[in-house]
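K.L.:
What follows is coords_13.txt, made up of compact mmCIF, C-alpha atoms:
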# COMPACT_ATOMS: atom_id res chain seq x y z
CA MET A 1487 162.84 97.60 64.89
CA GLU A 1488 159.97 98.64 62.67
CA ASN A 1489 160.52 95.63 60.42
CA ASN A 1490 160.41 93.33 63.46
CA THR A 1491 157.01 94.73 64.53
CA GLU A 1492 155.57 94.39 61.05
CA ASN A 1493 156.76 90.82 60.75
CA ILE A 1494 155.06 89.64 63.95
CA ARG A 1495 152.83 86.69 63.17
CA LEU A 1496 149.25 87.26 64.27
CA ASN A 1497 146.88 84.39 65.09
CA GLU A 1498 143.32 84.18 63.70
CA ASN A 1499 141.72 85.74 66.78
CA GLN A 1500 144.10 88.69 66.66
CA MET A 1501 143.34 89.14 62.97
CA GLN A 1502 139.60 89.07 63.67
CA GLU A 1503 139.98 91.70 66.42
CA LEU A 1504 141.74 94.04 63.99
CA LEU A 1505 139.40 93.35 61.07
CA PRO A 1506 136.61 95.94 61.75
CA ASP A 1507 139.04 98.81 62.37
CA PHE A 1508 140.97 97.78 59.25
CA VAL A 1509 137.81 97.82 57.10
CA PHE A 1510 136.65 101.18 58.55
CA GLY A 1511 140.13 102.69 58.20
CA ARG A 1512 140.76 103.23 61.90
CA LEU A 1513 143.95 101.25 62.41
CA ASN A 1514 147.18 103.12 63.07
CA ASP A 1515 149.95 102.65 60.52
CA SER A 1516 151.82 100.06 62.53
CA ASP A 1517 148.77 97.84 63.15
CA LYS A 1518 147.62 98.29 59.56
CA MET A 1519 150.99 97.07 58.28
CA LYS A 1520 150.96 94.12 60.67
CA PHE A 1521 147.44 93.17 59.58
CA GLU A 1522 148.20 93.41 55.88
CA ASN A 1523 151.39 91.35 56.24
CA ASN A 1524 149.47 88.56 57.98
CA LEU A 1525 146.45 88.63 55.70
CA GLN A 1526 148.01 86.28 53.19
CA PHE A 1527 147.94 83.47 55.79
CA TYR A 1528 144.17 83.70 56.38
CA PRO A 1529 141.97 83.28 53.31
CA GLU A 1530 138.81 83.18 55.50
CA ILE A 1531 139.68 86.56 56.90
CA GLN A 1532 140.10 87.85 53.36
CA GLN A 1533 136.60 86.62 52.54
CA GLU A 1534 135.16 88.21 55.65
CA ILE A 1535 136.76 91.49 54.73
CA LYS A 1536 135.03 91.37 51.35
CA ASP A 1537 131.64 90.61 52.95
CA VAL A 1538 131.94 93.41 55.49
CA GLN A 1539 133.17 95.89 52.90
CA SER A 1540 130.25 95.17 50.57
CA VAL A 1541 127.67 95.75 53.29
CA PHE A 1542 129.30 98.59 55.19
CA GLY A 1543 130.44 100.28 51.98
CA LYS A 1544 126.79 100.70 51.14
CA LEU A 1545 126.05 101.83 54.68
CA GLN A 1546 128.82 104.41 54.61
CA SER A 1547 127.58 105.81 51.32
CA MET A 1548 124.21 106.48 52.92
CA ASP A 1549 123.23 108.94 55.58
CA ILE A 1550 122.54 106.25 58.17
CA GLU A 1551 122.25 108.74 61.04
CA LYS A 1552 119.68 110.91 59.33
CA PRO A 1553 116.64 109.60 61.28
CA ILE A 1554 118.44 110.18 64.55
CA ARG A 1555 119.61 113.61 63.49
CA ASP A 1556 116.10 114.58 62.38
CA ARG A 1557 114.52 113.32 65.55
CA SER A 1558 116.98 114.96 67.91
CA ARG A 1559 117.07 118.30 66.07
CA ASN A 1560 114.77 120.20 68.45
CA LEU A 1561 116.11 118.65 71.59
CA SER A 1562 117.85 121.83 72.76
CA VAL A 1563 114.61 123.81 72.47
CA LYS A 1564 112.66 121.19 74.41
CA VAL A 1565 115.33 120.99 77.09
CA ASN A 1566 115.47 124.78 77.52
CA ASP A 1567 111.67 124.93 77.71
CA LYS A 1568 111.58 122.28 80.38
CA LEU A 1569 114.40 123.94 82.32
CA ASN A 1570 112.56 127.28 82.27
CA LYS A 1571 109.28 125.68 83.31
CA ARG A 1572 110.93 123.88 86.20
CA LYS A 1573 112.70 127.05 87.30
CA SER A 1574 109.42 128.98 87.33
CA SER A 1575 107.61 126.17 89.11
CA ILE A 1576 110.33 126.14 91.77
CA TYR A 1577 109.71 129.86 92.35
CA GLY A 1578 105.97 129.09 92.21
CA GLY A 1579 106.54 127.08 95.36
CA PHE A 1580 103.41 125.50 96.74
CA LEU A 1581 101.71 125.26 93.35
CA ASN A 1582 104.09 122.48 92.40
CA PRO A 1583 102.81 119.29 94.05
CA LYS A 1584 106.25 117.74 93.90
CA LEU A 1585 107.52 120.58 96.10
CA ALA A 1586 104.39 121.21 98.11
CA MET A 1587 104.32 117.80 99.78
CA PRO A 1588 107.85 117.95 101.20
CA ILE A 1589 107.33 121.57 102.30
CA ILE A 1590 104.08 120.68 104.10
CA ALA A 1591 105.79 117.69 105.70
CA ILE A 1592 108.64 119.92 106.91
CA LEU A 1593 106.15 122.47 108.32
CA ILE A 1594 104.20 119.79 110.19
CA GLY A 1595 107.45 118.37 111.49
CA GLY A 1596 108.51 121.84 112.67
CA LEU A 1597 105.19 122.46 114.45
CA MET A 1598 105.42 119.10 116.19
CA ILE A 1599 108.95 119.87 117.36
CA VAL A 1600 107.79 123.25 118.76
CA TYR A 1601 104.74 121.66 120.46
CA TYR A 1602 106.68 118.86 122.10
CA GLY A 1603 109.47 121.29 122.98
CA ASN A 1604 106.97 123.45 124.90
CA GLN A 1605 105.54 120.42 126.66
CA LYS A 1606 108.98 119.37 127.72
CA LYS A 1607 109.70 122.89 128.98
CA SER A 1608 106.57 122.95 131.14
CA GLN A 1609 107.54 119.57 132.55
CA GLU A 1610 110.96 120.95 133.37
CA HIS A 1611 109.34 123.92 135.15
CA LEU A 1612 107.22 121.53 137.21
CA ILE A 1613 110.28 119.56 138.15
CA ALA A 1614 112.04 122.80 139.12
CA ASP A 1615 109.04 123.76 141.32
CA LEU A 1616 109.11 120.38 143.00
CA GLN A 1617 112.77 120.84 143.76
CA ILE A 1618 112.02 123.89 145.96
CA LEU A 1619 109.44 122.01 148.09
CA THR A 1620 110.43 120.91 151.57
CA GLU A 1621 110.73 117.28 152.46
CA GLN A 1622 107.46 117.54 154.39
CA ASP A 1623 105.71 118.93 151.28
CA ILE A 1624 106.89 116.01 149.24
CA GLU A 1625 105.77 113.57 151.94
CA THR A 1626 102.33 115.17 151.91
CA ILE A 1627 102.10 114.89 148.14
CA ASN A 1628 103.05 111.25 148.31
CA ASN A 1629 100.58 110.58 151.17
CA PRO A 1630 97.35 112.62 150.63
CA ASP A 1631 95.82 111.38 153.97
CA ASP A 1632 98.30 113.54 155.83
CA GLU A 1633 97.24 116.61 153.95
CA PHE A 1634 94.32 117.44 156.28
CA SER A 1635 96.51 117.34 159.36
CA LEU A 1636 99.03 119.57 157.61
CA ILE A 1637 96.28 122.14 156.86
CA GLU A 1638 95.08 122.01 160.44
CA GLU A 1639 98.56 122.69 161.69
CA SER A 1640 98.98 125.56 159.31
CA ILE A 1641 95.81 127.29 160.68
CA ASN A 1642 96.78 126.55 164.30
CA ILE A 1643 93.84 124.36 165.36
CA GLN A 1644 94.82 122.94 168.74
CA HIS A 1645 93.50 119.63 169.99
CA SER A 1646 93.21 119.19 173.80
CA GLU A 1647 91.62 116.89 176.33
CA ASN A 1648 88.95 119.49 177.13
CA SER A 1649 87.88 120.05 173.67
CA VAL A 1650 84.37 119.20 172.56
CA ASP A 1651 83.72 115.68 171.41
CA TYR A 1652 81.75 116.37 168.28
CA SER A 1653 80.85 112.76 167.74
CA ASP A 1654 79.04 112.57 171.15
CA ILE A 1655 77.01 115.70 170.45
CA THR A 1656 75.89 114.31 167.15
CA GLN A 1657 74.84 111.08 168.83
CA PHE A 1658 72.94 112.99 171.51
CA GLU A 1659 71.08 115.06 168.93
CA ASP A 1660 70.08 111.94 167.08
CA GLU A 1661 68.72 110.35 170.22
CA ILE A 1662 66.76 113.43 171.19
CA ASN A 1663 65.25 113.67 167.77
CA GLN A 1664 63.98 110.14 168.09
CA ILE A 1665 62.07 110.89 171.31
CA THR A 1666 58.69 112.49 170.83
CA GLU A 1667 57.33 115.03 173.22
CA SER A 1668 54.63 112.67 174.50
CA GLU A 1669 57.18 109.97 175.22
CA ILE A 1670 59.14 112.36 177.45
CA LYS A 1671 55.94 113.45 179.21
CA ASN A 1672 54.77 109.89 179.87
CA MET A 1673 58.18 108.82 181.00
CA ALA A 1674 58.40 111.73 183.45
CA LEU A 1675 54.92 111.06 184.90
CA LYS A 1676 55.05 107.27 185.16
CA ASN A 1677 58.57 106.69 186.21
CA PRO A 1678 60.69 109.75 186.84
CA LYS A 1679 63.67 107.56 187.77
CA GLU A 1680 63.63 105.89 184.42
CA LEU A 1681 63.77 109.29 182.78
CA SER A 1682 66.60 110.25 185.06
CA VAL A 1683 68.51 107.08 184.14
CA TYR A 1684 67.84 107.65 180.50
CA LEU A 1685 68.98 111.21 180.59
CA SER A 1686 71.96 110.37 182.76
CA ASN A 1687 73.32 108.40 179.81
CA PHE A 1688 74.04 111.76 178.21
CA ASN A 1689 76.50 112.84 180.97
CA GLN A 1690 75.35 116.40 180.96
CA PHE A 1691 72.12 115.88 182.85
CA ASP A 1692 71.85 116.86 186.51
CA PRO A 1693 70.14 113.96 188.46
CA THR A 1694 68.95 116.26 191.31
CA PHE A 1695 66.55 117.72 188.84
CA LEU A 1696 64.56 114.45 188.99
CA ASP A 1697 64.08 114.72 192.79
CA GLU A 1698 62.65 118.13 192.30
CA LEU A 1699 60.24 116.74 189.69
CA ASN A 1700 58.84 114.34 192.26
CA ILE A 1701 57.59 117.13 194.52
CA LEU A 1702 55.90 119.01 191.70
CA ASN A 1703 52.12 118.87 191.32
CA GLU A 1704 50.42 118.50 187.96
CA GLU A 1705 50.04 122.17 187.30
CA GLU A 1706 53.62 123.02 188.20
CA PHE A 1707 54.88 120.19 186.10
CA GLN A 1708 52.95 121.35 183.07
CA LYS A 1709 54.33 124.82 183.50
CA LEU A 1710 57.85 123.51 183.76
CA TYR A 1711 57.26 121.25 180.83
CA GLU A 1712 56.13 124.19 178.71
CA GLU A 1713 59.24 126.12 179.70
CA LEU A 1714 61.44 123.18 178.87
CA LYS A 1715 59.84 122.86 175.48
CA ASN A 1716 60.97 126.37 174.62
CA GLU A 1717 64.48 125.82 175.87
CA ASP A 1718 67.31 125.10 173.51
CA ILE A 1719 68.58 121.78 174.71
CA ASN A 1720 72.14 122.46 173.56
CA SER A 1721 72.52 125.71 175.43
CA MET B 846 128.54 113.18 63.17
CA SER B 847 128.31 116.89 62.58
CA THR B 848 126.70 119.24 65.08
CA VAL B 849 126.17 122.98 65.10
CA VAL B 850 127.83 124.59 68.08
CA LEU B 851 127.36 128.27 68.82
CA GLN B 852 130.70 130.09 68.88
CA TYR B 853 132.51 127.68 71.18
CA ASP B 854 135.78 126.00 70.33
CA ASN B 855 135.37 122.85 72.38
CA GLU B 856 133.35 121.13 75.09
CA THR B 857 135.46 122.61 77.88
CA ASP B 858 134.48 126.15 76.83
CA ILE B 859 130.80 125.23 76.80
CA VAL B 860 131.00 123.58 80.19
CA LYS B 861 132.85 126.54 81.71
CA GLU B 862 130.43 129.01 80.16
CA TYR B 863 127.42 127.14 81.51
CA GLN B 864 129.01 126.69 84.94
CA ASN B 865 129.62 130.45 85.13
CA THR B 866 126.50 131.91 83.52
CA LYS B 867 123.85 129.18 83.37
CA SER B 868 122.83 130.93 80.19
CA GLU B 869 120.34 129.50 77.71
CA ARG B 870 122.89 129.98 74.97
CA SER B 871 125.50 127.77 76.60
CA ALA B 872 122.83 125.20 77.48
CA THR B 873 121.76 125.12 73.83
CA SER B 874 125.34 124.63 72.69
CA PHE B 875 125.85 121.85 75.20
CA VAL B 876 122.72 120.01 74.08
CA ARG B 877 123.50 120.45 70.39
CA MET B 878 126.98 119.07 70.86
CA TYR B 879 125.75 115.82 72.39
CA GLN B 880 122.13 115.49 71.28
CA GLN B 881 122.77 112.85 68.61
CA PHE B 882 124.97 110.81 70.90
CA VAL B 883 122.45 110.85 73.76
CA PHE B 884 119.42 110.31 71.52
CA ALA B 885 121.05 107.40 69.64
CA THR B 886 122.08 105.76 72.92
CA ALA B 887 118.56 106.11 74.34
CA LEU B 888 117.09 104.78 71.10
CA ARG B 889 119.26 101.68 71.18
CA PHE B 890 118.02 100.88 74.68
CA THR B 891 114.36 101.81 74.27
CA GLN B 892 113.80 100.85 70.60
CA ASN B 893 111.27 103.66 70.41
CA TYR B 894 111.70 107.20 69.08
CA ASP B 895 109.25 108.89 71.45
CA ASP B 896 110.71 107.22 74.52
CA ALA B 897 114.21 108.07 73.35
CA ASP B 898 113.14 111.69 72.94
CA ASP B 899 111.67 111.89 76.47
CA ILE B 900 114.70 110.21 78.01
CA SER B 901 117.12 112.44 76.10
CA GLN B 902 115.41 115.56 77.44
CA GLU B 903 115.61 114.27 81.00
CA VAL B 904 119.26 113.29 80.53
CA PHE B 905 120.18 116.82 79.44
CA ILE B 906 118.18 118.44 82.22
CA LYS B 907 119.92 116.25 84.77
CA ALA B 908 123.31 116.85 83.16
CA LEU B 909 122.84 120.63 83.04
CA ASN B 910 121.64 120.73 86.64
CA ASN B 911 124.73 118.81 87.71
CA LEU B 912 127.23 120.31 85.32
CA SER B 913 128.56 122.62 88.04
CA SER B 914 129.72 119.57 89.99
CA PHE B 915 131.29 117.89 86.95
CA LYS B 916 135.00 117.53 87.79
CA GLY B 917 136.24 116.41 84.40
CA GLU B 918 137.61 113.12 85.70
CA SER B 919 135.99 111.42 82.71
CA SER B 920 134.95 112.83 79.36
CA ILE B 921 131.56 114.50 78.98
CA LYS B 922 130.54 111.73 76.58
CA THR B 923 131.35 109.04 79.12
CA TRP B 924 129.46 110.93 81.80
CA LEU B 925 126.42 111.45 79.55
CA TYR B 926 126.49 107.81 78.48
CA ARG B 927 126.27 106.70 82.11
CA ILE B 928 123.36 109.05 82.83
CA THR B 929 121.56 107.89 79.68
CA THR B 930 121.95 104.18 80.30
CA ASN B 931 120.90 104.55 83.94
CA MET B 932 117.81 106.46 82.88
CA CYS B 933 117.00 103.90 80.23
CA ILE B 934 117.26 101.07 82.75
CA THR B 935 114.96 102.93 85.15
CA PHE B 936 112.57 103.73 82.30
CA LYS B 937 112.44 100.11 81.16
CA ARG B 938 111.73 98.93 84.70
CA LYS B 939 108.89 101.43 85.04
CA LYS B 940 107.52 100.52 81.64
CA SER B 941 107.58 96.79 82.31
CA PHE B 942 105.92 97.37 85.69
CA VAL B 943 103.17 99.49 84.12
CA SER B 944 102.67 96.92 81.35
CA LEU B 945 101.79 94.37 84.03
CA PHE B 946 98.64 96.36 84.79
CA SER B 947 97.72 97.65 81.36
CA LYS B 948 97.53 95.97 77.99
CA ASP B 949 100.18 97.67 75.90
CA ASP B 950 98.88 98.02 72.38
CA LYS B 951 102.18 99.51 71.33
CA ALA B 952 104.14 96.34 72.04
CA GLU B 953 104.80 95.90 68.35
CA GLU B 954 106.09 99.43 68.04
CA PHE B 955 108.33 98.94 71.06
CA PHE B 956 110.36 96.34 69.21
CA ASN B 957 110.15 97.83 65.73
CA ILE B 958 112.25 100.89 65.60
CA GLU B 959 111.08 101.94 62.16
CA SER B 960 107.38 101.05 62.32
CA ASN B 961 106.28 104.62 62.96
CA GLU B 962 108.79 106.08 60.62
CA MET B 963 107.82 104.35 57.43
CA ASN B 964 106.46 106.65 54.77
CA PRO B 965 106.38 106.34 50.97
CA GLN B 966 109.69 108.08 50.65
CA GLN B 967 111.36 105.77 53.15
CA LYS B 968 110.33 102.78 51.14
CA LEU B 969 113.02 103.65 48.69
CA GLU B 970 115.86 101.18 48.70
CA GLY B 971 118.29 103.30 50.69
CA GLU B 972 115.81 104.10 53.41
CA GLU B 973 114.83 100.48 53.63
CA PHE B 974 118.43 99.50 54.05
CA THR B 975 118.81 101.99 56.89
CA ALA B 976 115.70 100.63 58.58
CA ASN B 977 117.00 97.08 58.17
CA PHE B 978 120.30 98.11 59.62
CA TYR B 979 118.71 99.50 62.81
CA ARG B 980 116.51 96.44 63.09
CA ALA B 981 119.59 94.22 62.83
CA LEU B 982 121.43 96.36 65.34
CA SER B 983 118.57 96.06 67.83
CA LYS B 984 118.77 92.27 67.60
CA LEU B 985 122.41 92.10 68.68
CA PRO B 986 123.29 91.21 72.29
CA GLU B 987 123.60 94.39 74.36
CA LYS B 988 127.38 94.25 74.83
CA GLN B 989 127.98 93.70 71.11
CA ARG B 990 125.46 96.36 70.13
CA GLU B 991 126.89 98.97 72.48
CA THR B 992 130.49 98.17 71.54
CA PHE B 993 129.62 98.52 67.87
CA ALA B 994 127.70 101.79 68.34
CA LEU B 995 130.27 103.44 70.60
CA ARG B 996 133.13 102.43 68.33
CA TYR B 997 131.54 102.78 64.87
CA PHE B 998 129.30 105.84 65.36
CA ASP B 999 130.85 107.65 68.31
CA GLU B 1000 134.45 106.67 67.53
CA LEU B 1001 135.37 106.25 71.18
CA PRO B 1002 138.73 104.64 71.97
CA TYR B 1003 138.62 101.09 73.29
CA GLU B 1004 139.97 102.23 76.67
CA GLU B 1005 137.01 104.54 77.20
CA ILE B 1006 134.47 101.97 76.03
CA SER B 1007 136.13 99.51 78.38
CA LYS B 1008 135.45 101.85 81.32
CA LEU B 1009 131.85 102.35 80.24
CA LEU B 1010 130.95 98.74 79.66
CA GLY B 1011 133.25 97.13 82.18
CA THR B 1012 134.82 94.83 79.60
CA SER B 1013 138.50 94.31 78.78
CA VAL B 1014 139.91 95.83 75.60
CA GLY B 1015 140.50 92.36 74.18
CA GLY B 1016 136.91 91.40 74.94
CA LEU B 1017 135.65 94.57 73.30
CA LYS B 1018 137.62 93.88 70.13
CA ALA B 1019 136.11 90.39 69.97
CA ASN B 1020 132.63 91.83 70.56
CA TYR B 1021 133.18 94.40 67.85
CA PHE B 1022 134.21 91.78 65.32
CA GLN B 1023 131.22 89.58 66.19
CA ALA B 1024 128.83 92.53 65.85
CA VAL B 1025 130.24 93.57 62.47
CA LYS B 1026 130.16 89.98 61.20
CA LYS B 1027 126.52 89.45 62.29
CA LEU B 1028 125.40 92.75 60.77
CA ALA B 1029 127.14 91.88 57.50
CA VAL B 1030 125.40 88.52 57.38
CA TYR B 1031 122.02 90.05 58.19
CA LEU B 1032 122.27 92.88 55.66
CA LYS B 1033 123.84 90.84 52.85
Go ahead and express the file in the form of structure tokens.
P.N.:
Amino acid sequence: MENNTENIRLNENQMQELLPDFVFGRLNDSDKMKFENNLQFYPEIQQEIKDVQSVFGKLQSMDIEKPIRDRSRNLSVKVNDKLNKRKSSIYGGFLNPKLAMPIIAILIGGLMIVYYGNQKKSQEHLIADLQILTEQDIETINNPDDEFSLIEESINIQHSENSVDYSDITQFEDEINQITESEIKNMALKNPKELSVYLSNFNQFDPTFLDELNILNEEEFQKLYEELKNEDINS
Amino acid sequence: MSTVVLQYDNETDIVKEYQNTKSERSATSFVRMYQQFVFATALRFTQNYDDADDISQEVFIKALNNLSSFKGESSIKTWLYRITTNMCITFKRKKSFVSLFSKDDKAEEFFNIESNEMNPQQKLEGEEFTANFYRALSKLPEKQRETFALRYFDELPYEEISKLLGTSVGGLKANYFQAVKKLAVYLK
């Protein structure tokens, strides 16, 4: 069995693939035997082995890894120093800008969540308050014009046919204000009927009063006029 | 590749110790065990010692911070290699973006791994050969360079390299041969 393996014919590519490990002594016994048995068939491979051996023999006799070894000698010290510094800066917290920024971002995020959470809560309270309003309340809120009538109802103001028409009183006051004292006097003296008609427009004037004016002399009229001047017309 | 490890038998002990204690001692042991591997990987990608140093530190800090979640589904080396290469890719992107806005006077240094390292002593034949070797290595295509480094220096099995680089074992063997052949020609 062993003889069969050793006698296997290797092609040039297979020989080339085994060549470096053969030169550097890293082939197992079986592969080494196979390689050596086939070597006689490949003179170019034999030449390549000589070339590689001459160069790498020199390389192996030298300390080729010395520069790397020298340069990496203090690596453990540097690594431990950096590890310790990073540990202390982690405990230093905010002093480390790499940590400070994410921490600040998280804090701002937290504050925003709390703020908007509170806003949402107050909205929910408002909604809860609205839910206990009556249908009429909601109608009033939706239609502000009805609000006045709702207030009136709540303080029991009753409207009736006999109630005072405030708009007429206002109109009457305006008219009276426009008439000067002399105008009234002249009107009464020249044409008492005209005054009666004028005053009758205000519904509250007694027309019999004008008949009585006709029988008054000048002196009596003046006296009456003076009394009227002092009277409150609304009373 | 010899490293000094403080009183631990293997990587599993170190990982367990760090997972349990987070002690500086176990962190030191962890870094010492893999520092050359991580640094060399970063150097191959960045072509600059200072950048490789910075990246290596960040790789270990990230690894130590995440070591508690390491499940052992792959080897520590594989895991560290992935972290390192990812960081190097990110670093290169950042660097190329920054270089768009600033004139990089160190462009020469970026491509010449040894330019800062040359001193009278290094000009000796052996040192020169080493420098030439790294220069030649940096000129290889990435797949060939990484296959060579992971196999020659880190002695990883092909199966593991295959997982790391996403290439079949047969393809890796071909890449390895091509890398060795090119280096031999260059250094002849």
K.L.:
Tell me as a compact mmCIF listing (two decimals) with C-alpha atoms, in the frame of the given file which residues belonging to chain B come within 7 Å of chain A, counting only C-alpha atoms.
P.N.:
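Resulting contents of out.txt:
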# COMPACT_ATOMS: atom_id res chain seq x y z
CA GLU B 869 120.34 129.50 77.71
CA THR B 873 121.76 125.12 73.83
CA VAL B 876 122.72 120.01 74.08
CA ARG B 877 123.50 120.45 70.39
CA GLN B 880 122.13 115.49 71.28
CA GLN B 881 122.77 112.85 68.61
CA PHE B 884 119.42 110.31 71.52
CA ALA B 885 121.05 107.40 69.64
CA GLN B 902 115.41 115.56 77.44
CA PHE B 905 120.18 116.82 79.44
CA ILE B 906 118.18 118.44 82.22
CA THR B 975 118.81 101.99 56.89
CA LYS B 1018 137.62 93.88 70.13
CA ALA B 1019 136.11 90.39 69.97
CA PHE B 1022 134.21 91.78 65.32
CA VAL B 1025 130.24 93.57 62.47
CA LYS B 1026 130.16 89.98 61.20
CA ALA B 1029 127.14 91.88 57.50
CA LEU B 1032 122.27 92.88 55.66
CA LYS B 1033 123.84 90.84 52.85
K.L.:
With distances taken over all atoms listed in the file, which of B:Phe993, B:Phe942, B:Tyr863, B:Phe978 is nearest to Thr886 in chain B?
P.N.:
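Ranking B:Phe993, B:Phe942, B:Tyr863, B:Phe978 by distance to Thr886 in chain B, first place goes to B:Phe993.
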K.L.:
Mind giving me the straight-line distance from CA of Met878 in chain B to CA of Tyr926 in chain B in Å, one decimal?
P.N.:
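Spanning CA of Met878 in chain B to CA of Tyr926 in chain B is a straight-line distance of 13.6 Å.
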K.L.:
What lies within 12 Å of Thr1012 in chain B using all atoms listed in the file, ignoring chain neighbours under 5 positions off, as a ChimeraX atom specification?
P.N.:
/B:988-989,991-992,1003-1007,1017-1021
K.L.:
For CA of Gln892 in chain B and CA of Ala1024 in chain B, determine how far apart the two atoms are, in Å to one decimal place.
P.N.:
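Interatomic distance, CA of Gln892 in chain B to CA of Ala1024 in chain B: 17.8 Å.
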K.L.:
Could you state the separation of CA of Glu1498 in chain A and CA of Gly1543 in chain A in Å, given to one decimal place?
P.N.:
23.7 Å
K.L.:
Please, what is the axis-aligned box for every listed atom of range 901-920 of chain B with 6 Å on each side, as centre and edge lengths in Å to one decimal, as lines of an AutoDock Vina configuration file?
P.N.:
center_x = 126.5
center_y = 117.0
center_z = 83.0
size_x = 34.2
size_y = 23.2
size_z = 25.9
K.L.:
Of the candidates A:Asn1493, A:Glu1704, A:Asn1716, A:Lys1607, which one gets nearest to Glu1522 in chain A if we count all atoms listed in the file?
P.N.:
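Result for the nearest residue to Glu1522 in chain A: A:Asn1493.
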